[in-house]
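Quick look at run.tsv (TSV, C-alpha atoms):
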```tsv
chain	number	residue	atom	x	y	z
A	1	GLU	CA	61.77	80.12	-11.01
A	2	SER	CA	61.40	76.33	-10.47
A	3	TRP	CA	60.22	74.16	-13.34
A	4	LEU	CA	57.55	72.82	-10.99
A	5	HIS	CA	55.81	76.17	-11.31
A	6	SER	CA	55.85	76.05	-15.11
A	7	SER	CA	52.45	76.41	-16.74
A	8	SER	CA	53.28	73.64	-19.23
A	9	LEU	CA	54.01	71.02	-16.55
A	10	VAL	CA	50.40	69.90	-16.28
A	11	PHE	CA	50.10	69.64	-20.06
A	12	SER	CA	53.36	67.68	-20.27
A	13	CYS	CA	52.30	65.21	-17.55
A	14	GLU	CA	48.89	64.66	-19.12
A	15	SER	CA	50.49	64.09	-22.53
A	16	PHE	CA	53.03	61.65	-21.08
A	17	PHE	CA	50.44	59.53	-19.28
A	18	GLU	CA	48.11	59.62	-22.28
A	19	VAL	CA	50.86	58.36	-24.60
A	20	ALA	CA	51.91	55.71	-22.04
A	21	SER	CA	48.32	54.48	-21.66
A	22	LYS	CA	47.89	54.26	-25.44
A	23	ILE	CA	51.14	52.31	-25.78
A	24	LEU	CA	49.97	49.89	-23.08
A	25	TYR	CA	46.55	49.60	-24.75
A	26	LEU	CA	48.17	48.92	-28.13
A	27	HIS	CA	50.39	46.24	-26.56
A	28	VAL	CA	47.33	44.50	-25.07
A	29	ILE	CA	45.49	44.66	-28.41
A	30	SER	CA	48.52	43.28	-30.27
A	31	GLU	CA	48.84	40.34	-27.86
A	32	ALA	CA	45.13	39.60	-28.14
A	33	HIS	CA	45.34	39.77	-31.94
A	34	ASP	CA	48.33	37.44	-32.06
A	35	ALA	CA	46.63	34.99	-29.74
A	36	VAL	CA	43.49	34.86	-31.87
A	37	PHE	CA	44.58	35.55	-35.45
A	38	ASP	CA	48.31	34.81	-35.63
A	39	ASP	CA	49.00	31.97	-38.12
A	40	ALA	CA	51.49	30.21	-35.87
A	41	SER	CA	49.16	30.25	-32.86
A	42	LYS	CA	46.16	29.19	-34.93
A	43	SER	CA	48.15	26.31	-36.42
A	44	ALA	CA	49.30	25.12	-33.00
A	45	ARG	CA	45.76	25.25	-31.59
A	46	ARG	CA	44.32	23.47	-34.62
A	47	LEU	CA	46.95	20.72	-34.42
A	48	GLU	CA	46.19	20.11	-30.76
A	49	GLU	CA	42.42	20.09	-31.38
A	50	LEU	CA	42.76	17.52	-34.16
A	51	ARG	CA	45.17	15.39	-32.14
A	52	LYS	CA	42.75	15.25	-29.22
A	53	MET	CA	39.85	14.49	-31.56
A	54	ILE	CA	41.53	11.30	-32.80
A	55	GLY	CA	43.31	10.62	-29.52
A	56	VAL	CA	42.28	6.97	-29.17
A	57	VAL	CA	43.45	6.06	-32.69
A	58	TRP	CA	46.53	8.22	-32.23
A	59	ASP	CA	47.72	6.26	-29.19
A	60	SER	CA	46.85	2.72	-30.30
A	61	SER	CA	47.37	2.68	-34.06
A	62	SER	CA	50.32	0.78	-35.52
A	63	ASP	CA	50.33	3.23	-38.46
A	64	VAL	CA	52.03	6.61	-38.58
A	65	ILE	CA	49.41	9.37	-38.29
A	66	ALA	CA	50.29	12.84	-39.56
A	67	ILE	CA	48.05	15.87	-38.95
A	68	SER	CA	48.95	18.84	-41.12
A	69	VAL	CA	47.67	22.43	-40.88
A	70	ARG	CA	48.39	24.96	-43.60
A	71	ARG	CA	49.43	28.55	-42.92
A	72	ALA	CA	47.80	30.43	-45.75
A	73	SER	CA	49.85	33.62	-45.30
A	74	THR	CA	53.22	31.86	-45.79
A	75	ASN	CA	52.00	28.84	-47.81
A	76	THR	CA	53.70	26.47	-45.40
A	77	ALA	CA	52.32	23.51	-43.48
A	78	VAL	CA	52.98	22.56	-39.86
A	79	THR	CA	52.70	18.82	-39.33
A	80	ILE	CA	52.60	16.72	-36.17
A	81	LEU	CA	53.58	13.02	-36.36
A	82	SER	CA	52.42	10.31	-33.99
A	83	PRO	CA	55.04	8.50	-31.83
A	84	ARG	CA	54.87	5.50	-34.17
A	85	PHE	CA	57.02	7.53	-36.57
A	86	LEU	CA	60.10	6.65	-34.51
A	87	LYS	CA	59.60	2.90	-34.94
A	88	HIS	CA	59.10	3.24	-38.69
A	89	SER	CA	62.11	5.51	-39.18
A	90	CYS	CA	64.59	3.84	-36.81
A	91	GLY	CA	63.34	0.32	-36.21
A	92	ALA	CA	61.90	-1.21	-33.06
A	93	ASN	CA	65.22	-1.87	-31.33
A	94	THR	CA	66.92	1.51	-31.78
A	95	VAL	CA	68.28	2.94	-28.53
A	96	PHE	CA	69.67	6.47	-28.20
A	97	LYS	CA	72.56	7.05	-25.85
A	98	HIS	CA	71.78	10.69	-25.10
A	99	GLY	CA	68.85	13.05	-24.74
A	100	HIS	CA	65.22	12.34	-23.89
A	101	ASP	CA	63.20	9.16	-24.10
A	102	TRP	CA	61.52	9.76	-27.46
A	103	GLU	CA	59.14	6.80	-27.41
A	104	ASP	CA	56.06	8.74	-26.22
A	105	LYS	CA	56.73	12.01	-28.04
A	106	ALA	CA	54.95	13.57	-31.01
A	107	PHE	CA	57.16	15.21	-33.62
A	108	VAL	CA	56.39	18.62	-35.16
A	109	PHE	CA	57.94	19.97	-38.36
A	110	GLU	CA	57.25	22.71	-40.90
A	111	SER	CA	57.53	22.38	-44.68
A	112	LYS	CA	57.08	24.66	-47.68
A	113	LEU	CA	54.28	23.62	-50.03
A	114	LEU	CA	55.54	25.19	-53.25
A	115	SER	CA	58.93	23.48	-53.30
A	116	LEU	CA	60.48	20.19	-52.19
A	117	SER	CA	62.81	21.88	-49.72
A	118	TYR	CA	63.98	20.13	-46.58
A	119	PRO	CA	61.37	20.30	-43.80
A	120	LYS	CA	62.30	22.29	-40.71
A	121	PHE	CA	62.11	20.23	-37.52
A	122	LEU	CA	60.54	22.43	-34.85
A	123	HIS	CA	60.20	20.44	-31.60
A	124	CYS	CA	58.75	17.41	-29.88
A	125	ILE	CA	55.65	17.39	-27.69
A	126	GLU	CA	55.24	15.43	-24.47
A	127	LEU	CA	51.82	13.82	-25.01
A	128	SER	CA	50.90	13.55	-21.33
A	129	SER	CA	51.58	17.21	-20.50
A	130	GLY	CA	51.61	18.98	-23.88
A	131	GLN	CA	55.04	20.42	-23.08
A	132	LYS	CA	57.26	21.43	-26.02
A	133	ILE	CA	60.72	19.83	-25.95
A	134	PRO	CA	63.55	21.14	-28.16
A	135	VAL	CA	65.57	18.50	-29.94
A	136	ASP	CA	69.22	18.80	-28.95
A	137	ASP	CA	70.17	15.16	-29.54
A	138	ASN	CA	72.46	15.04	-32.60
A	139	GLU	CA	72.25	11.26	-32.78
A	140	PHE	CA	68.45	11.41	-32.84
A	141	TRP	CA	68.49	14.03	-35.59
A	142	SER	CA	70.97	12.13	-37.80
A	143	VAL	CA	68.96	8.91	-37.49
A	144	THR	CA	65.50	10.39	-38.14
A	145	LYS	CA	66.48	12.96	-40.79
A	146	PRO	CA	66.01	10.67	-43.86
A	147	SER	CA	62.52	9.64	-42.73
A	148	LEU	CA	61.59	13.20	-41.84
A	149	ILE	CA	62.60	14.45	-45.30
A	150	SER	CA	60.70	11.56	-46.89
A	151	ILE	CA	57.51	12.33	-44.95
A	152	GLY	CA	57.95	16.03	-45.75
A	153	GLU	CA	57.81	15.13	-49.45
A	154	LEU	CA	54.69	13.03	-48.80
A	155	ILE	CA	53.00	15.97	-47.05
A	156	VAL	CA	53.69	18.22	-50.07
A	157	ASP	CA	52.18	15.55	-52.37
A	158	SER	CA	49.16	15.20	-50.07
A	159	TRP	CA	48.44	18.93	-50.16
A	160	SER	CA	48.75	18.84	-53.96
A	161	ALA	CA	46.02	16.19	-54.28
A	162	LYS	CA	42.75	17.58	-55.63
A	163	GLU	CA	40.39	14.97	-54.18
A	164	LYS	CA	39.06	15.07	-50.63
A	165	GLU	CA	40.34	11.52	-50.11
A	166	SER	CA	43.24	10.01	-51.99
A	167	LEU	CA	45.53	6.99	-51.79
A	168	LEU	CA	49.25	7.43	-52.43
A	169	LEU	CA	52.09	4.92	-52.61
A	170	HIS	CA	55.25	6.13	-50.93
A	171	ASP	CA	58.68	4.67	-50.13
A	172	LEU	CA	59.59	5.83	-46.61
A	173	GLN	CA	63.34	6.32	-46.45
A	174	ARG	CA	65.24	5.14	-43.36
A	175	PHE	CA	68.65	5.81	-41.90
A	176	ASP	CA	69.78	2.27	-42.85
A	177	THR	CA	69.02	3.07	-46.55
A	178	ILE	CA	66.37	0.32	-46.73
A	179	PRO	CA	63.08	2.05	-47.67
A	180	ILE	CA	59.73	0.82	-46.42
A	181	ARG	CA	56.97	0.45	-49.00
A	182	CYS	CA	54.00	2.35	-47.60
A	183	GLU	CA	50.45	3.25	-48.46
A	184	ALA	CA	49.28	6.75	-47.50
A	185	LYS	CA	45.56	7.47	-47.05
A	186	THR	CA	45.02	11.23	-47.25
A	187	THR	CA	41.82	12.86	-45.96
A	188	ARG	CA	41.18	16.60	-46.36
A	189	LEU	CA	39.29	17.80	-43.26
A	190	ASP	CA	38.82	21.37	-44.46
A	191	GLU	CA	40.57	23.96	-46.61
A	192	ASN	CA	43.57	24.27	-44.28
A	193	SER	CA	43.90	20.89	-42.55
A	194	LEU	CA	44.33	17.26	-43.52
A	195	VAL	CA	45.17	13.88	-41.99
A	196	VAL	CA	47.56	11.34	-43.51
A	197	VAL	CA	47.63	7.71	-42.31
A	198	LEU	CA	50.86	6.02	-43.40
A	199	ARG	CA	50.70	2.20	-43.38
A	200	ASP	CA	53.57	-0.22	-43.87
A	201	ILE	CA	52.59	-2.56	-46.74
A	202	SER	CA	56.00	-4.14	-47.29
A	203	GLU	CA	54.70	-7.51	-46.00
A	204	ARG	CA	51.74	-7.28	-48.36
A	205	VAL	CA	54.06	-6.48	-51.27
A	206	ARG	CA	56.33	-9.44	-50.43
A	207	ARG	CA	53.31	-11.74	-50.20
A	208	PHE	CA	52.02	-10.48	-53.56
A	209	GLU	CA	55.43	-11.06	-55.16
A	210	ALA	CA	55.58	-14.58	-53.68
A	211	GLU	CA	52.07	-15.34	-54.99
A	212	LYS	CA	53.07	-14.00	-58.41
A	213	VAL	CA	56.13	-16.27	-58.46
A	214	ALA	CA	54.01	-19.26	-57.37
A	215	VAL	CA	51.43	-18.58	-60.10
A	216	SER	CA	54.23	-18.24	-62.66
A	217	GLU	CA	55.80	-21.54	-61.60
A	218	THR	CA	52.41	-23.29	-61.61
A	219	THR	CA	51.66	-21.97	-65.08
A	220	ALA	CA	55.08	-23.15	-66.31
A	221	ARG	CA	54.47	-26.65	-64.89
A	222	VAL	CA	51.04	-26.85	-66.53
A	223	LYS	CA	52.54	-25.82	-69.87
A	224	ASP	CA	55.29	-28.44	-69.48
A	225	LEU	CA	52.68	-31.16	-68.76
A	226	GLU	CA	50.66	-30.12	-71.78
A	227	ALA	CA	53.78	-30.13	-73.94
A	228	ASN	CA	54.72	-33.61	-72.68
A	229	ARG	CA	51.21	-34.97	-73.36
A	230	PHE	CA	51.28	-33.50	-76.84
A	231	THR	CA	54.70	-35.03	-77.50
A	232	ARG	CA	53.61	-38.49	-76.30
A	233	HIS	CA	50.47	-38.27	-78.41
A	234	GLU	CA	52.49	-37.40	-81.53
A	235	VAL	CA	54.93	-40.25	-80.87
A	236	LYS	CA	52.08	-42.76	-80.65
```
Rewrite the coordinates I just gave you, this time as C-alpha cells.
Amino acid sequence: ESWLHSSSLVFSCESFFEVASKILYLHVISEAHDAVFDDASKSARRLEELRKMIGVVWDSSSDVIAISVRRASTNTAVTILSPRFLKHSCGANTVFKHGHDWEDKAFVFESKLLSLSYPKFLHCIELSSGQKIPVDDNEFWSVTKPSLISIGELIVDSWSAKEKESLLLHDLQRFDTIPIRCEAKTTRLDENSLVVVLRDISERVRRFEAEKVAVSETTARVKDLEANRFTRHEVK
C-alpha cells in the first residue's frame, strides 16, 4: 500500500508545517529583539543620534570630539571620533599613498572599561552617507595607532570620573613621538553616554612658560637693581 494512503500522513504534514511556522516566527522575533534590544545595535543608534544632535559643532570645531556609549552587558564602550582626530594624530600635511581619503571620515573604536587594554578599531564612517568603511590601509593604521591608544586611555579615565562634568589634562601621543598637551572636557549625558571635547593647549602651555620665564627674568633684574642701590648706599 502506498505511503500516500497512510493514516499518519496528515498528522505528519500538519506537524511539519507547524514546526516550520514556529521556527520562522521565532526567527522574526529574534531579529526584532536584536534590532531593538541588542547592545551593539543600541550603541550604534545612540552614537548616530548624538552625532546628529551636535552636527554643526562636529563639522566646524577645531577640537577633537569623541562621543562614547557604554555597553552595560559587556562593560565596554564604543566611541566615535570626529574627523579632526586625523589632523591631531598625524599632522595637517600627512598624505597616505593607499586606501581611502580619510579627511571626512569619523573613526569608531571599542575599548574595555575595566582595564587599559588596547582599543579595538572597528571601522570608519562616511559622514555624508553614513556608510561603514573597513580600514584596510596598513599605513593609516600604523600612523594613527599611537593616538588611538592614547585616546582609548582617555576614554577609560573619562568613564571613571564621578562628576557629571570634569576637566582632564592629557598628553595625546602621536606617531612622530611628540605628544600634544591637551585639555579634555568631559560631559556625562546620561548613565551610558558621554561626550569628550579634546582641545590642543600646547600653544597656551608654551605661552605660559614664556611668561613665567619673563617674570623670572624681570624679578631677577629688579633684585639686581635693589642690590646695586644698596651697595652704592653703603659705599657712600
Residue contacts of A:Glu153 (12 Å, only C-alpha atoms) excluding same-chain residues fewer than 3 positions away, as an mmCIF file with C-alpha atoms, in the frame of the given file:
```cif
data_model
loop_
_atom_site.group_PDB
_atom_site.id
_atom_site.type_symbol
_atom_site.label_atom_id
_atom_site.label_comp_id
_atom_site.auth_asym_id
_atom_site.auth_seq_id
_atom_site.Cartn_x
_atom_site.Cartn_y
_atom_site.Cartn_z
ATOM 1 C CA ALA A 77 52.320 23.510 -43.480
ATOM 2 C CA THR A 79 52.700 18.820 -39.330
ATOM 3 C CA GLU A 110 57.250 22.710 -40.900
ATOM 4 C CA SER A 111 57.530 22.380 -44.680
ATOM 5 C CA LYS A 112 57.080 24.660 -47.680
ATOM 6 C CA LEU A 113 54.280 23.620 -50.030
ATOM 7 C CA LEU A 114 55.540 25.190 -53.250
ATOM 8 C CA SER A 115 58.930 23.480 -53.300
ATOM 9 C CA LEU A 116 60.480 20.190 -52.190
ATOM 10 C CA SER A 117 62.810 21.880 -49.720
ATOM 11 C CA TYR A 118 63.980 20.130 -46.580
ATOM 12 C CA PRO A 119 61.370 20.300 -43.800
ATOM 13 C CA PRO A 146 66.010 10.670 -43.860
ATOM 14 C CA SER A 147 62.520 9.640 -42.730
ATOM 15 C CA LEU A 148 61.590 13.200 -41.840
ATOM 16 C CA ILE A 149 62.600 14.450 -45.300
ATOM 17 C CA SER A 150 60.700 11.560 -46.890
ATOM 18 C CA VAL A 156 53.690 18.220 -50.070
ATOM 19 C CA ASP A 157 52.180 15.550 -52.370
ATOM 20 C CA SER A 158 49.160 15.200 -50.070
ATOM 21 C CA TRP A 159 48.440 18.930 -50.160
ATOM 22 C CA SER A 160 48.750 18.840 -53.960
ATOM 23 C CA LEU A 168 49.250 7.430 -52.430
ATOM 24 C CA HIS A 170 55.250 6.130 -50.930
ATOM 25 C CA ASP A 171 58.680 4.670 -50.130
ATOM 26 C CA LEU A 172 59.590 5.830 -46.610
ATOM 27 C CA GLN A 173 63.340 6.320 -46.450
#
```
Report summary line: Using all atoms listed in the file, the residue out of A:His27, A:Lys185, A:Lys223, A:Arg71 with shortest distance to A:Arg46 is A:Arg71
**Report entry** Ref. answer, residues at most 8 Å from (63.6, 20.1, -32.4) with only C-alpha atoms, as a ChimeraX atom specification
**Finding:** /A:108,121-124,133-136
Six-sided padding of 4 Å per side, axis-aligned box over stretch 68-79 of chain A, centre and edges in Å, one decimal, as JSON:
```
{"center_x": 50.7, "center_y": 26.2, "center_z": -43.6, "size_x": 14.0, "size_y": 22.8, "size_z": 16.5}
```
Query - Nearest to A:Val196 by atom-to-atom distance, counting all atoms listed in the file, from A:Asn228, A:Asn138, A:Ser68, A:Ser8 - result: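 The shortest atom-to-atom distance to A:Val196 comes from A:Ser68.
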Query raised in the report: What does the distance between atom CA of A:Ala72 and atom CA of A:Asn192 come to in Å, to one decimal place?
Result: 7.6 Å
Report task. In Å, rounded to a single decimal, give me how far atom CA of A:Leu86 is from atom CA of A:Ala161. Result ->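 Atom-to-atom, atom CA of A:Ala161 to atom CA of A:Leu86, that is 26.1 Å.
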Requested in this report: Considering all atoms listed in the file, state which residue in the set A:Ser43, A:Ser202, A:Ser7, A:Thr144 is at the smallest distance from A:Ile80.
Outcome: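 Selected residue with least distance to A:Ile80: A:Ser43.
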Query raised in the report: Which residue, A:Val197, A:Thr219, A:Ile23, A:Phe175, has the smallest gap to A:Arg84 when you use all atoms listed in the file?
Result: A:Val197
Query raised in the report: When distances are computed from only C-alpha atoms, which of A:Ser193, A:Ser89, A:Ser216, A:Gln131 shows the smallest separation from A:Arg174?
Result: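 Looking at the shortest contact to A:Arg174, the residue is A:Ser89.
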Query raised in the report: Suppose you want the space between atom CA of A:Phe140 and atom CA of A:Leu47; what is it in Å?
Result: 23.5 Å
Report task. Give me the residues within 8 Å of A:Glu165 as a PyMOL selection string, counting all atoms listed in the file and dropping any in the same chain fewer than 2 places off. Result -> chain A and resi 163+167+185-188
Report summary line: One residue among A:Arg207, A:Arg181, A:Lys105, A:Lys162 is nearest to A:Ser82 when using all atoms listed in the file, and that residue is A:Lys105
